[in-house]
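Raw entry21.cif, mmCIF, C-alpha atoms:
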data_coords
#
loop_
_atom_site.label_atom_id
_atom_site.label_comp_id
_atom_site.auth_asym_id
_atom_site.auth_seq_id
_atom_site.Cartn_x
_atom_site.Cartn_y
_atom_site.Cartn_z
CA MET A 1 -58.03 -14.94 -9.19
CA ASN A 2 -56.40 -16.15 -12.40
CA ILE A 3 -54.00 -19.14 -12.25
CA ARG A 4 -51.64 -17.21 -14.54
CA ASP A 5 -51.48 -14.48 -11.90
CA ILE A 6 -50.22 -17.01 -9.38
CA THR A 7 -47.69 -18.85 -11.53
CA TYR A 8 -46.20 -15.86 -13.37
CA ASN A 9 -43.22 -14.75 -11.30
CA PRO A 10 -40.23 -13.22 -13.10
CA TYR A 11 -38.73 -12.18 -9.78
CA SER A 12 -37.93 -15.63 -8.38
CA VAL A 13 -34.37 -15.92 -9.72
CA THR A 14 -33.53 -12.37 -8.63
CA ALA A 15 -34.99 -12.98 -5.18
CA VAL A 16 -32.88 -16.14 -4.77
CA VAL A 17 -29.71 -14.33 -5.88
CA LEU A 18 -30.42 -11.46 -3.49
CA VAL A 19 -31.05 -13.82 -0.58
CA VAL A 20 -27.78 -15.64 -1.32
CA SER A 21 -25.98 -12.28 -1.56
CA LEU A 22 -27.45 -11.19 1.76
CA ALA A 23 -26.44 -14.49 3.39
CA TYR A 24 -22.91 -14.05 2.02
CA LYS A 25 -22.66 -10.46 3.24
CA LEU A 26 -24.31 -11.00 6.64
CA PRO A 27 -21.23 -12.38 8.48
CA ALA A 28 -19.15 -9.40 7.32
CA VAL A 29 -21.92 -7.02 8.46
CA ILE A 30 -22.04 -8.69 11.88
CA ARG A 31 -18.24 -8.66 12.26
CA ALA A 32 -18.06 -5.04 11.13
CA GLY A 33 -19.98 -3.93 14.20
CA ARG A 34 -20.37 -0.18 13.86
CA ASN A 35 -19.13 0.18 10.28
CA PRO A 36 -21.95 2.29 8.76
CA LEU A 37 -21.18 1.45 5.12
CA LEU A 38 -21.30 -2.31 5.66
CA ARG A 39 -24.45 -2.00 7.75
CA GLN A 40 -26.07 0.04 5.00
CA VAL A 41 -25.07 -2.50 2.32
CA GLY A 42 -26.70 -5.20 4.44
CA GLY A 43 -29.83 -3.09 4.87
CA LEU A 44 -29.94 -2.34 1.17
CA LEU A 45 -29.72 -6.02 0.23
CA LEU A 46 -32.42 -6.79 2.79
CA ALA A 47 -34.68 -4.12 1.26
CA ALA A 48 -33.99 -5.49 -2.23
CA CYS A 49 -34.92 -8.99 -1.06
CA GLY A 50 -38.14 -7.58 0.37
CA VAL A 51 -39.01 -5.81 -2.89
CA PHE A 52 -38.63 -8.89 -5.08
CA ILE A 53 -40.22 -11.29 -2.60
CA PHE A 54 -43.26 -9.14 -1.85
CA ALA A 55 -43.72 -7.98 -5.47
CA ALA A 56 -44.31 -11.56 -6.65
CA PRO A 57 -48.02 -12.20 -7.41
CA PRO A 58 -48.24 -15.23 -5.06
CA THR A 59 -46.86 -13.16 -2.18
CA ILE A 60 -49.17 -10.26 -3.05
CA ALA A 61 -52.20 -12.57 -2.73
CA VAL A 62 -50.96 -13.97 0.60
CA VAL A 63 -50.31 -10.52 2.12
CA ASN A 64 -53.72 -9.26 1.01
CA ARG A 65 -55.38 -12.27 2.55
CA ILE A 66 -53.46 -12.06 5.84
CA THR A 67 -54.10 -8.33 6.33
CA GLY A 68 -57.69 -8.56 5.20
CA VAL A 69 -57.27 -5.34 3.19
CA THR A 70 -57.77 -5.59 -0.56
CA ASN A 71 -54.61 -4.57 -2.44
CA PHE A 72 -52.75 -3.83 0.81
CA SER A 73 -49.62 -5.13 -0.95
CA ALA A 74 -49.62 -2.12 -3.31
CA PRO A 75 -48.52 0.57 -0.82
CA TRP A 76 -46.42 -2.02 1.01
CA VAL A 77 -44.39 -2.90 -2.11
CA TYR A 78 -44.24 0.76 -3.15
CA SER A 79 -42.87 1.60 0.30
CA LEU A 80 -40.23 -1.11 0.06
CA LEU A 81 -39.24 0.09 -3.40
CA THR A 82 -39.08 3.72 -2.21
CA GLY A 83 -36.98 2.70 0.79
CA PHE A 84 -34.67 0.71 -1.48
CA CYS A 85 -34.21 3.71 -3.78
CA ALA A 86 -33.44 5.98 -0.83
CA SER A 87 -30.98 3.44 0.60
CA CYS A 88 -29.17 3.16 -2.74
CA LEU A 89 -28.94 6.91 -3.01
CA LEU A 90 -27.61 7.26 0.53
CA LEU A 91 -25.06 4.50 0.05
CA ILE A 92 -23.72 6.01 -3.17
CA ILE A 93 -23.46 9.41 -1.48
CA LYS A 94 -21.48 7.95 1.42
CA TRP A 95 -19.46 5.64 -0.84
CA ARG A 96 -18.30 8.53 -3.03
CA GLY A 97 -17.27 10.55 -0.01
CA GLY A 98 -16.72 14.30 0.09
CA PRO A 99 -16.96 17.09 2.63
CA PRO A 100 -18.85 15.92 5.76
CA GLU A 101 -21.18 18.92 5.60
CA ASN A 102 -22.27 18.02 2.06
CA ILE A 103 -22.83 14.38 2.98
CA ARG A 104 -24.87 15.37 6.05
CA ARG A 105 -26.97 17.81 4.02
CA ALA A 106 -27.64 15.18 1.33
CA LYS A 107 -28.65 12.62 3.99
CA TYR A 108 -31.18 15.01 5.54
CA TRP A 109 -32.57 15.79 2.10
CA VAL A 110 -33.03 12.09 1.27
CA TYR A 111 -34.53 11.21 4.66
CA GLY A 112 -36.92 14.16 4.57
CA SER A 113 -38.13 13.86 0.98
CA TYR A 114 -38.52 10.09 0.84
CA GLY A 115 -39.89 9.87 4.37
CA THR A 116 -42.59 12.37 3.36
CA LEU A 117 -43.25 10.41 0.18
CA LEU A 118 -43.85 7.21 2.18
CA VAL A 119 -46.39 8.93 4.44
CA VAL A 120 -48.24 10.45 1.46
CA LEU A 121 -48.41 7.07 -0.31
CA TRP A 122 -50.24 5.48 2.62
CA ILE A 123 -52.59 8.45 3.03
CA LEU A 124 -53.55 8.31 -0.65
CA PHE A 125 -54.09 4.55 -0.42
CA ALA A 126 -56.39 5.00 2.58
CA LEU A 127 -58.41 7.64 0.70
CA GLY A 128 -58.69 5.70 -2.56
CA ASP A 129 -61.19 3.10 -3.74
CA HIS A 130 -59.27 -0.18 -4.21
CA HIS A 131 -61.89 -2.88 -3.60
CA VAL A 132 -60.95 -4.97 -6.70
CA GLU A 133 -57.86 -7.09 -6.07
CA ARG A 134 -55.25 -6.86 -8.83
CA LEU A 135 -52.13 -9.02 -8.61
CA ARG A 136 -50.28 -7.97 -11.75
CA ASP A 137 -51.90 -4.93 -13.34
CA LEU A 138 -52.80 -2.66 -10.41
CA ASP A 139 -50.90 0.31 -11.89
CA THR A 140 -52.90 0.37 -15.11
CA TYR A 141 -56.21 -0.84 -13.62
CA TYR A 142 -56.30 2.03 -11.09
CA ALA A 143 -54.56 4.60 -13.32
CA THR A 144 -57.71 6.74 -13.52
CA THR A 145 -59.05 6.13 -9.99
CA PRO A 146 -58.87 9.21 -7.71
CA TYR A 147 -56.17 9.03 -5.01
CA MET A 148 -54.97 5.64 -6.27
CA ARG A 149 -53.92 7.43 -9.46
CA GLU A 150 -51.90 9.95 -7.45
CA MET A 151 -50.35 7.21 -5.33
CA ILE A 152 -49.16 5.34 -8.44
CA VAL A 153 -47.77 8.44 -10.11
CA LEU A 154 -46.01 9.59 -6.93
CA TYR A 155 -44.22 6.29 -6.37
CA LEU A 156 -43.11 6.15 -10.01
CA LEU A 157 -41.91 9.76 -9.96
CA GLY A 158 -40.07 9.19 -6.69
CA HIS A 159 -38.41 6.13 -8.18
CA THR A 160 -37.48 8.00 -11.35
CA VAL A 161 -35.96 10.93 -9.48
CA ALA A 162 -33.88 8.60 -7.30
CA VAL A 163 -32.71 6.67 -10.35
CA LEU A 164 -31.73 9.86 -12.23
CA ILE A 165 -29.76 11.27 -9.29
CA THR A 166 -28.06 7.96 -8.50
CA SER A 167 -27.18 7.39 -12.17
CA ALA A 168 -25.65 10.87 -12.42
CA LEU A 169 -23.60 10.28 -9.26
CA LEU A 170 -22.43 6.87 -10.47
CA TRP A 171 -21.34 7.96 -13.93
CA SER A 172 -19.58 11.04 -12.59
CA TRP A 173 -17.80 8.75 -10.13
CA GLU A 174 -16.92 6.12 -12.75
CA SER A 175 -14.16 8.22 -14.32
CA ARG A 176 -12.56 8.70 -10.89
CA VAL A 177 -12.34 4.98 -10.08
CA ARG A 178 -10.95 3.75 -13.39
CA GLY A 179 -8.02 1.47 -12.85
CA THR A 180 -9.18 0.42 -9.38
CA GLY A 181 -10.05 -3.11 -10.51
CA TRP A 182 -13.08 -4.63 -8.85
CA LEU A 183 -14.40 -1.32 -7.51
CA HIS A 184 -14.57 0.06 -11.05
CA LYS A 185 -16.36 -3.08 -12.27
CA GLY A 186 -18.90 -2.73 -9.47
CA VAL A 187 -19.54 0.93 -10.28
CA VAL A 188 -20.03 0.10 -13.98
CA LEU A 189 -22.53 -2.65 -13.11
CA LEU A 190 -24.41 -0.25 -10.87
CA GLY A 191 -24.41 2.38 -13.59
CA VAL A 192 -25.81 -0.05 -16.16
CA GLY A 193 -28.39 -1.29 -13.65
CA TYR A 194 -29.65 2.21 -12.90
CA ALA A 195 -29.70 3.12 -16.59
CA MET A 196 -31.97 0.12 -17.16
CA ASN A 197 -34.09 1.29 -14.24
CA LEU A 198 -35.03 4.27 -16.39
CA ILE A 199 -36.37 1.83 -19.01
CA TYR A 200 -38.44 0.24 -16.24
CA ASP A 201 -39.88 3.63 -15.30
CA VAL A 202 -40.77 4.36 -18.92
CA ALA A 203 -42.42 0.94 -19.24
CA LYS A 204 -44.50 1.70 -16.15
CA LEU A 205 -45.39 5.33 -16.77
CA THR A 206 -46.26 5.04 -20.48
CA PRO A 207 -49.33 2.77 -20.09
CA VAL A 208 -50.50 4.77 -17.05
CA VAL A 209 -50.48 7.99 -19.09
CA ALA A 210 -52.10 6.12 -22.01
CA ARG A 211 -54.96 5.13 -19.69
CA TRP A 212 -55.64 8.82 -19.05
CA THR A 213 -56.39 9.19 -22.75
CA GLY A 214 -58.65 6.12 -22.78
CA ARG A 215 -56.12 3.71 -24.31
CA ASP A 216 -55.44 0.29 -22.79
CA ASP A 217 -53.44 -1.25 -25.66
CA LEU A 218 -50.14 -0.39 -23.94
CA ASP A 219 -50.93 -2.22 -20.69
CA TRP A 220 -48.58 -5.02 -21.73
CA MET A 221 -45.64 -2.69 -21.09
CA SER A 222 -46.49 -2.59 -17.40
CA THR A 223 -47.53 -6.23 -16.96
CA ASP A 224 -45.19 -8.10 -19.34
CA LEU A 225 -42.21 -5.84 -20.11
CA ALA A 226 -41.50 -4.07 -16.81
CA PRO A 227 -41.19 -7.15 -14.52
CA PRO A 228 -38.34 -8.84 -16.46
CA ILE A 229 -36.53 -5.50 -16.66
CA ALA A 230 -36.93 -5.05 -12.90
CA ALA A 231 -35.58 -8.56 -12.31
CA LEU A 232 -32.50 -7.87 -14.44
CA VAL A 233 -32.00 -4.50 -12.75
CA GLY A 234 -32.10 -6.19 -9.34
CA LEU A 235 -29.42 -8.66 -10.40
CA LEU A 236 -27.14 -5.94 -11.78
CA ILE A 237 -27.48 -3.75 -8.71
CA ALA A 238 -26.92 -6.65 -6.31
CA LEU A 239 -23.83 -7.72 -8.26
CA GLY A 240 -22.61 -4.13 -8.40
CA PHE A 241 -22.66 -3.82 -4.61
CA ILE A 242 -21.14 -7.22 -3.75
CA LEU A 243 -18.69 -7.64 -6.66
CA PRO A 244 -15.97 -5.32 -5.26
CA HIS A 245 -15.91 -7.21 -1.96
CA VAL A 246 -16.19 -10.70 -3.47
CA GLY A 247 -13.75 -9.91 -6.27
CA GLU A 248 -11.10 -8.52 -3.92
CA ARG A 249 -11.38 -11.55 -1.63
CA LEU A 250 -11.17 -14.01 -4.52
CA SER A 251 -8.25 -12.16 -6.09
CA HIS A 252 -6.38 -12.09 -2.80
CA ARG A 253 -7.04 -15.77 -2.20
CA LEU A 254 -5.98 -16.67 -5.75
CA THR A 255 -2.79 -14.62 -5.38
CA THR A 256 -2.03 -16.34 -2.06
CA HIS A 257 -2.69 -19.75 -3.61
CA ARG A 258 -0.43 -19.05 -6.59
CA GLU A 259 2.39 -17.75 -4.41
CA TYR A 260 2.14 -20.71 -2.03
CA TRP A 261 2.42 -23.28 -4.81
CA ALA A 262 5.00 -21.23 -6.71
CA LEU A 263 7.30 -21.38 -3.66
CA GLY A 264 7.03 -25.19 -3.53
CA PRO A 265 10.18 -25.98 -5.60
CA LEU A 266 12.32 -23.62 -3.51
CA ALA A 267 10.97 -25.02 -0.24
CA ARG A 268 11.68 -28.58 -1.43
CA ALA A 269 15.20 -27.61 -2.53
CA LEU A 270 15.89 -26.33 0.99
CA HIS A 271 14.20 -29.14 2.92
CA SER A 272 17.55 -30.67 3.96
CA VAL A 273 18.77 -27.41 5.51
CA PRO A 274 18.54 -27.61 9.32
CA ALA A 275 15.79 -25.40 10.70
CA ALA A 276 16.73 -22.52 12.99
CA SER A 277 13.71 -23.30 15.19
CA ALA A 278 11.33 -26.16 15.83
CA PRO A 279 8.94 -26.73 12.94
CA VAL A 280 5.31 -25.70 13.40
CA ALA A 281 2.76 -28.45 12.81
CA LEU A 282 -0.33 -27.38 10.87
CA GLY A 283 -3.61 -29.19 10.60
CA ARG A 284 -5.12 -30.21 7.29
CA PHE A 285 -7.53 -27.29 7.38
CA ALA A 286 -5.08 -24.56 8.36
CA PRO A 287 -5.73 -21.28 6.51
CA LEU A 288 -3.81 -20.92 3.27
CA LYS A 289 -2.49 -17.51 4.32
CA LEU A 290 -0.93 -19.07 7.43
CA ARG A 291 0.62 -21.83 5.32
CA LEU A 292 2.12 -19.23 3.01
CA THR A 293 3.56 -17.24 5.93
CA LEU A 294 5.17 -20.35 7.40
CA ARG A 295 6.58 -21.40 4.02
CA GLN A 296 8.08 -17.93 3.49
CA THR A 297 9.55 -17.97 7.02
CA PHE A 298 11.07 -21.43 6.49
CA ILE A 299 12.63 -20.41 3.17
CA ARG A 300 14.22 -17.25 4.57
CA ASP A 301 15.52 -19.10 7.65
CA ALA A 302 16.97 -21.83 5.44
CA LEU A 303 18.61 -19.26 3.17
CA ARG A 304 20.29 -17.67 6.16
CA GLN A 305 21.53 -21.09 7.28
CA ALA A 306 22.90 -21.81 3.79
CA ALA A 307 24.41 -18.34 3.31
CA PRO A 308 27.98 -19.38 4.33
CA PHE A 309 27.99 -21.93 1.49
CA MET A 310 26.77 -19.54 -1.23
CA ASP A 311 29.34 -18.63 -3.86
CA ALA A 312 29.05 -15.02 -5.00
CA ALA A 313 31.49 -15.66 -7.86
CA LEU A 314 29.35 -18.51 -9.16
CA ARG A 315 26.23 -16.36 -8.98
CA GLU A 316 27.86 -13.54 -10.91
CA GLN A 317 29.24 -15.96 -13.51
CA VAL A 318 25.83 -17.52 -14.16
CA ARG A 319 24.15 -14.13 -14.29
CA GLU A 320 26.66 -12.82 -16.85
CA HIS A 321 26.30 -16.00 -18.89
CA HIS A 322 22.52 -15.58 -19.14
CA LEU A 323 22.73 -11.89 -19.89
CA ALA A 324 25.17 -12.67 -22.70
CA ALA A 325 22.74 -15.30 -23.99
CA GLY A 326 20.01 -12.65 -24.30
CA SER A 327 18.00 -13.28 -21.12
CA GLN A 328 16.18 -10.46 -19.38
CA PRO A 329 18.01 -9.09 -16.30
CA ALA A 330 15.27 -10.34 -13.94
CA THR A 331 15.41 -13.84 -15.46
CA ALA A 332 19.22 -13.91 -15.28
CA GLU A 333 19.08 -12.87 -11.62
CA ALA A 334 16.51 -15.54 -10.75
CA VAL A 335 18.41 -18.37 -12.49
CA ALA A 336 21.71 -17.25 -10.93
CA ASP A 337 20.11 -17.24 -7.45
CA ALA A 338 18.53 -20.65 -8.08
CA ILE A 339 21.86 -22.21 -9.12
CA THR A 340 23.70 -20.58 -6.23
CA ILE A 341 21.15 -21.96 -3.73
CA THR A 342 21.24 -25.44 -5.29
CA ALA A 343 25.05 -25.49 -5.19
CA ALA A 344 25.09 -24.21 -1.59
CA VAL A 345 22.72 -26.96 -0.42
CA SER A 346 24.89 -29.57 -2.18
CA HIS A 347 28.06 -28.19 -0.57
CA MET A 348 26.29 -28.10 2.77
CA ARG A 349 25.37 -31.77 2.56
CA ALA A 350 28.89 -32.70 1.40
CA ALA A 351 30.45 -30.79 4.31
CA GLY A 352 28.19 -32.44 6.84
CA ARG A 353 26.45 -29.12 7.40
CA ARG A 354 29.60 -27.68 8.96
CA PRO A 355 30.29 -24.13 7.70
CA PRO A 356 33.47 -23.73 5.67
CA GLU A 357 36.62 -22.33 7.30
CA GLN A 358 36.35 -19.30 5.03
CA PRO A 359 32.60 -18.67 4.67
CA LEU A 360 31.49 -17.18 1.37
CA ARG A 361 28.39 -15.59 2.90
CA LEU A 362 26.57 -14.27 -0.11
CA PRO A 363 24.09 -11.70 1.30
CA THR A 364 20.66 -13.36 1.09
CA GLU A 365 18.97 -9.96 1.44
CA SER A 366 19.54 -9.53 -2.29
CA MET A 367 17.28 -12.53 -2.94
CA GLN A 368 13.99 -10.66 -2.59
CA ASP A 369 11.97 -12.26 -5.37
CA LEU A 370 11.58 -15.75 -3.92
CA VAL A 371 8.79 -16.65 -6.34
CA SER A 372 10.98 -15.98 -9.39
CA ILE A 373 13.81 -18.04 -7.87
CA SER A 374 11.41 -20.89 -7.17
CA ARG A 375 10.03 -20.77 -10.70
CA ALA A 376 13.60 -20.86 -12.03
CA LEU A 377 14.14 -24.00 -9.96
CA ARG A 378 10.99 -25.51 -11.45
CA ARG A 379 12.53 -25.13 -14.89
CA SER A 380 15.02 -27.79 -13.85
CA HIS A 381 16.44 -28.44 -17.31
CA SER A 382 17.49 -24.82 -17.87
CA VAL A 383 18.91 -24.58 -14.35
CA GLN A 384 20.90 -27.80 -14.71
CA ARG A 385 22.18 -26.75 -18.12
CA ALA A 386 23.22 -23.32 -16.82
CA HIS A 387 24.86 -24.93 -13.78
CA TRP A 388 26.78 -27.32 -16.03
CA THR A 389 27.83 -24.44 -18.33
CA ALA A 390 28.95 -22.27 -15.44
CA THR A 391 30.89 -25.14 -13.83
CA THR A 392 32.55 -26.02 -17.13
CA GLN A 393 33.58 -22.43 -17.73
CA GLU A 394 34.92 -22.14 -14.20
CA GLU A 395 37.02 -25.32 -14.61
CA SER A 396 38.36 -24.15 -17.98
CA VAL A 397 39.42 -20.85 -16.46
CA ARG A 398 41.21 -22.62 -13.61
CA SER A 399 43.04 -25.00 -15.99
#
What do you get writing this file as structure tokens?
Amino acid sequence: MNIRDITYNPYSVTAVVLVVSLAYKLPAVIRAGRNPLLRQVGGLLLAACGVFIFAAPPTIAVVNRITGVTNFSAPWVYSLLTGFCASCLLLIIKWRGGPPENIRRAKYWVYGSYGTLLVVLWILFALGDHHVERLRDLDTYYATTPYMREMIVLYLLGHTVAVLITSALLWSWESRVRGTGWLHKGVVLLGVGYAMNLIYDVAKLTPVVARWTGRDDLDWMSTDLAPPIAALVGLLIALGFILPHVGERLSHRLTTHREYWALGPLARALHSVPAASAPVALGRFAPLKLRLTLRQTFIRDALRQAAPFMDAALREQVREHHLAAGSQPATAEAVADAITITAAVSHMRAAGRRPPEQPLRLPTESMQDLVSISRALRRSHSVQRAHWTATTQEESVRS
């Protein structure tokens, strides 16, 4: 056994990434219960972890030693790789959707063909002569050995067929999911990963065929070129399957975070408005989504409390002033609402929170875009200047 055989392991990084991906996905798989797609994603990641862990030369040596069968790892790794290919193909078929009859027919075809392939691989291994242990170059070393030769060619052909079909399905699907954000990115990553899988197959098959003609100068393609390609392919495929889920969760969390902090100025401007109900105390580690819901509820309750003090004439005056100054309609609306709310809170404090004898009651239902209003409040200088301008114009009209 060569020390280089033990230390050379291009799969370690990919194996670690796949294990982390599986650990990340596992809680969702457990919570999903009977969701077949999530269960299959979990099974696929588990199979991918098995491929890259058991294909590493150190693991190959350990498995051979534990089983007591020379090169037992060969059909074992080939079986894991075949199962992984079949799982990918099944998942893409289900993921794309379609008539139930077509999906069912495709599933039976995949189960039948790849199940048969697995059985044949083990039969050929049992019939072949494989008494010399090979940790890195088994494909080329046994390329001309009866039965072992057929086993190697069969697993490579099975892998190639699965890659070709899956690639065709992915790229035909890619045009249908454009504009879907993270799902489209995941499909593109999967498509690139499977396209590179074809390079892996070429790197494996070429030296095997060369051995049939008596040439061994291309063995480096199988031993040195194919493993890094396989490692990169594993990373791309793993990312392709988990990116849509991770990306959507991160995007949703980022959107929630931005909205929560964007509403801060408006919530602070309304903090002196008496609450319609008892405030809810939250712990330090309360979910951000819950914090956002409570902040939105507080703002809308406070706006309803301040509605009798809101001056519709002031709002319209400020809006017209900003439109005349060249502001966009949405910006003019937000600044007008911000000034109206600020003035209402000031009037409310001055009146001792007692509603006026003739309530103004500006309908707060028109204030839908709370984030824009809050951002207008954050730009305090423009709001104060607009408020001063509107007040000055109102006084000049009255005089």
task = Just say which residues the PyMOL selection byres ((chain A and resi 238) around 10) picks in this file, as a ChimeraX atom specification.
result = /A:14,17-18,21-22,41,44-45,48-49,186,189-190,193,232-237,239-243
Query raised in the report: For this file, the PyMOL selection byres ((chain A and resi 373) around 10) selects which residues, as a list in words?
Result: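 On this input, the PyMOL selection byres ((chain A and resi 373) around 10) captures Ala262, Leu263, Pro265, Leu266, Ala330, Thr331, Glu333, Ala334, Val335, Ala336, Asp337, Ala338, Ile339, Ile341, Met367, Gln368, Asp369, Leu370, Val371, Ser372, Ser374, Arg375, Ala376, Leu377 and Arg378 of chain A.
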| request: Can you work out the spacing between CA of Phe84 in chain A and CA of Val51 in chain A in Å, to one decimal? | output: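 Going from CA of Phe84 in chain A over to CA of Val51 in chain A covers 8.0 Å.
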Determine the nearest neighbour of Asp201 in chain A from the options A:Trp173, A:Trp109, A:Tyr155, A:Phe72, counting only C-alpha atoms.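 Under the stated criterion, the closest residue is A:Tyr155.
Take the candidates A:Ala302, A:Ala74, A:Ala350, A:Ala269 and check each one against Ala61 in chain A using all atoms listed in the file; the shortest distance goes to A:Ala74.
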Students should find that CA of Val120 in chain A and CA of Leu225 in chain A are spaced 27.7 Å
With the file shown as input, list the residues that the PyMOL selection byres ((chain A and resi 299) around 9) selects, as a PDB file with C-alpha atoms, keeping the file's coordinate frame.
ATOM      1  CA  LEU A 263       7.300 -21.380  -3.660  1.00  0.00           C
ATOM      2  CA  LEU A 266      12.320 -23.620  -3.510  1.00  0.00           C
ATOM      3  CA  ALA A 267      10.970 -25.020  -0.240  1.00  0.00           C
ATOM      4  CA  LEU A 270      15.890 -26.330   0.990  1.00  0.00           C
ATOM      5  CA  HIS A 271      14.200 -29.140   2.920  1.00  0.00           C
ATOM      6  CA  LEU A 294       5.170 -20.350   7.400  1.00  0.00           C
ATOM      7  CA  ARG A 295       6.580 -21.400   4.020  1.00  0.00           C
ATOM      8  CA  GLN A 296       8.080 -17.930   3.490  1.00  0.00           C
ATOM      9  CA  THR A 297       9.550 -17.970   7.020  1.00  0.00           C
ATOM     10  CA  PHE A 298      11.070 -21.430   6.490  1.00  0.00           C
ATOM     11  CA  ARG A 300      14.220 -17.250   4.570  1.00  0.00           C
ATOM     12  CA  ASP A 301      15.520 -19.100   7.650  1.00  0.00           C
ATOM     13  CA  ALA A 302      16.970 -21.830   5.440  1.00  0.00           C
ATOM     14  CA  LEU A 303      18.610 -19.260   3.170  1.00  0.00           C
ATOM     15  CA  ARG A 304      20.290 -17.670   6.160  1.00  0.00           C
ATOM     16  CA  LEU A 370      11.580 -15.750  -3.920  1.00  0.00           C
TER      17      LEU A 370
END
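Neighbouring residues of Thr255 in chain A at 12 Å or closer, counting all atoms listed in the file and skipping chain neighbours under 6 positions away, are Gly247, Glu248, Arg249, Trp261, Ala262, Leu288, Lys289, Leu292 and Val371 of chain A.
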What would range 294-312 of chain A look like with N, CA and C atoms restored, written as a PDB file, in the frame of the given file?
ATOM      1  N   LEU A 294       4.203 -19.384   6.863  1.00  0.00           N
ATOM      2  CA  LEU A 294       5.170 -20.350   7.400  1.00  0.00           C
ATOM      3  C   LEU A 294       6.150 -20.801   6.319  1.00  0.00           C
ATOM      4  N   ARG A 295       5.676 -20.987   5.101  1.00  0.00           N
ATOM      5  CA  ARG A 295       6.580 -21.400   4.020  1.00  0.00           C
ATOM      6  C   ARG A 295       7.593 -20.284   3.738  1.00  0.00           C
ATOM      7  N   GLN A 296       7.157 -19.047   3.707  1.00  0.00           N
ATOM      8  CA  GLN A 296       8.080 -17.930   3.490  1.00  0.00           C
ATOM      9  C   GLN A 296       9.104 -17.843   4.624  1.00  0.00           C
ATOM     10  N   THR A 297       8.636 -18.025   5.871  1.00  0.00           N
ATOM     11  CA  THR A 297       9.550 -17.970   7.020  1.00  0.00           C
ATOM     12  C   THR A 297      10.581 -19.085   6.950  1.00  0.00           C
ATOM     13  N   PHE A 298      10.134 -20.304   6.607  1.00  0.00           N
ATOM     14  CA  PHE A 298      11.070 -21.430   6.490  1.00  0.00           C
ATOM     15  C   PHE A 298      12.124 -21.166   5.424  1.00  0.00           C
ATOM     16  N   ILE A 299      11.691 -20.642   4.264  1.00  0.00           N
ATOM     17  CA  ILE A 299      12.630 -20.410   3.170  1.00  0.00           C
ATOM     18  C   ILE A 299      13.677 -19.378   3.574  1.00  0.00           C
ATOM     19  N   ARG A 300      13.262 -18.290   4.203  1.00  0.00           N
ATOM     20  CA  ARG A 300      14.220 -17.250   4.570  1.00  0.00           C
ATOM     21  C   ARG A 300      15.162 -17.740   5.676  1.00  0.00           C
ATOM     22  N   ASP A 301      14.649 -18.526   6.623  1.00  0.00           N
ATOM     23  CA  ASP A 301      15.520 -19.100   7.650  1.00  0.00           C
ATOM     24  C   ASP A 301      16.536 -20.047   7.023  1.00  0.00           C
ATOM     25  N   ALA A 302      16.066 -20.876   6.088  1.00  0.00           N
ATOM     26  CA  ALA A 302      16.970 -21.830   5.440  1.00  0.00           C
ATOM     27  C   ALA A 302      18.026 -21.115   4.601  1.00  0.00           C
ATOM     28  N   LEU A 303      17.631 -20.025   3.955  1.00  0.00           N
ATOM     29  CA  LEU A 303      18.610 -19.260   3.170  1.00  0.00           C
ATOM     30  C   LEU A 303      19.691 -18.654   4.070  1.00  0.00           C
ATOM     31  N   ARG A 304      19.285 -18.202   5.239  1.00  0.00           N
ATOM     32  CA  ARG A 304      20.290 -17.670   6.160  1.00  0.00           C
ATOM     33  C   ARG A 304      21.240 -18.766   6.642  1.00  0.00           C
ATOM     34  N   GLN A 305      20.693 -19.977   6.859  1.00  0.00           N
ATOM     35  CA  GLN A 305      21.530 -21.090   7.280  1.00  0.00           C
ATOM     36  C   GLN A 305      22.510 -21.498   6.171  1.00  0.00           C
ATOM     37  N   ALA A 306      22.053 -21.394   4.914  1.00  0.00           N
ATOM     38  CA  ALA A 306      22.900 -21.810   3.790  1.00  0.00           C
ATOM     39  C   ALA A 306      23.791 -20.699   3.277  1.00  0.00           C
ATOM     40  N   ALA A 307      23.654 -19.491   3.813  1.00  0.00           N
ATOM     41  CA  ALA A 307      24.410 -18.340   3.310  1.00  0.00           C
ATOM     42  C   ALA A 307      25.917 -18.557   3.311  1.00  0.00           C
ATOM     43  N   PRO A 308      26.523 -19.199   4.353  1.00  0.00           N
ATOM     44  CA  PRO A 308      27.980 -19.380   4.330  1.00  0.00           C
ATOM     45  C   PRO A 308      28.477 -20.246   3.170  1.00  0.00           C
ATOM     46  N   PHE A 309      27.590 -21.031   2.566  1.00  0.00           N
ATOM     47  CA  PHE A 309      27.990 -21.930   1.490  1.00  0.00           C
ATOM     48  C   PHE A 309      27.696 -21.340   0.108  1.00  0.00           C
ATOM     49  N   MET A 310      27.147 -20.136   0.055  1.00  0.00           N
ATOM     50  CA  MET A 310      26.770 -19.540  -1.230  1.00  0.00           C
ATOM     51  C   MET A 310      27.952 -18.830  -1.866  1.00  0.00           C
ATOM     52  N   ASP A 311      28.171 -19.123  -3.122  1.00  0.00           N
ATOM     53  CA  ASP A 311      29.340 -18.630  -3.860  1.00  0.00           C
ATOM     54  C   ASP A 311      28.931 -17.409  -4.700  1.00  0.00           C
ATOM     55  N   ALA A 312      29.394 -16.248  -4.280  1.00  0.00           N
ATOM     56  CA  ALA A 312      29.050 -15.020  -5.000  1.00  0.00           C
ATOM     57  C   ALA A 312      29.643 -15.020  -6.403  1.00  0.00           C
TER      58      ALA A 312
END
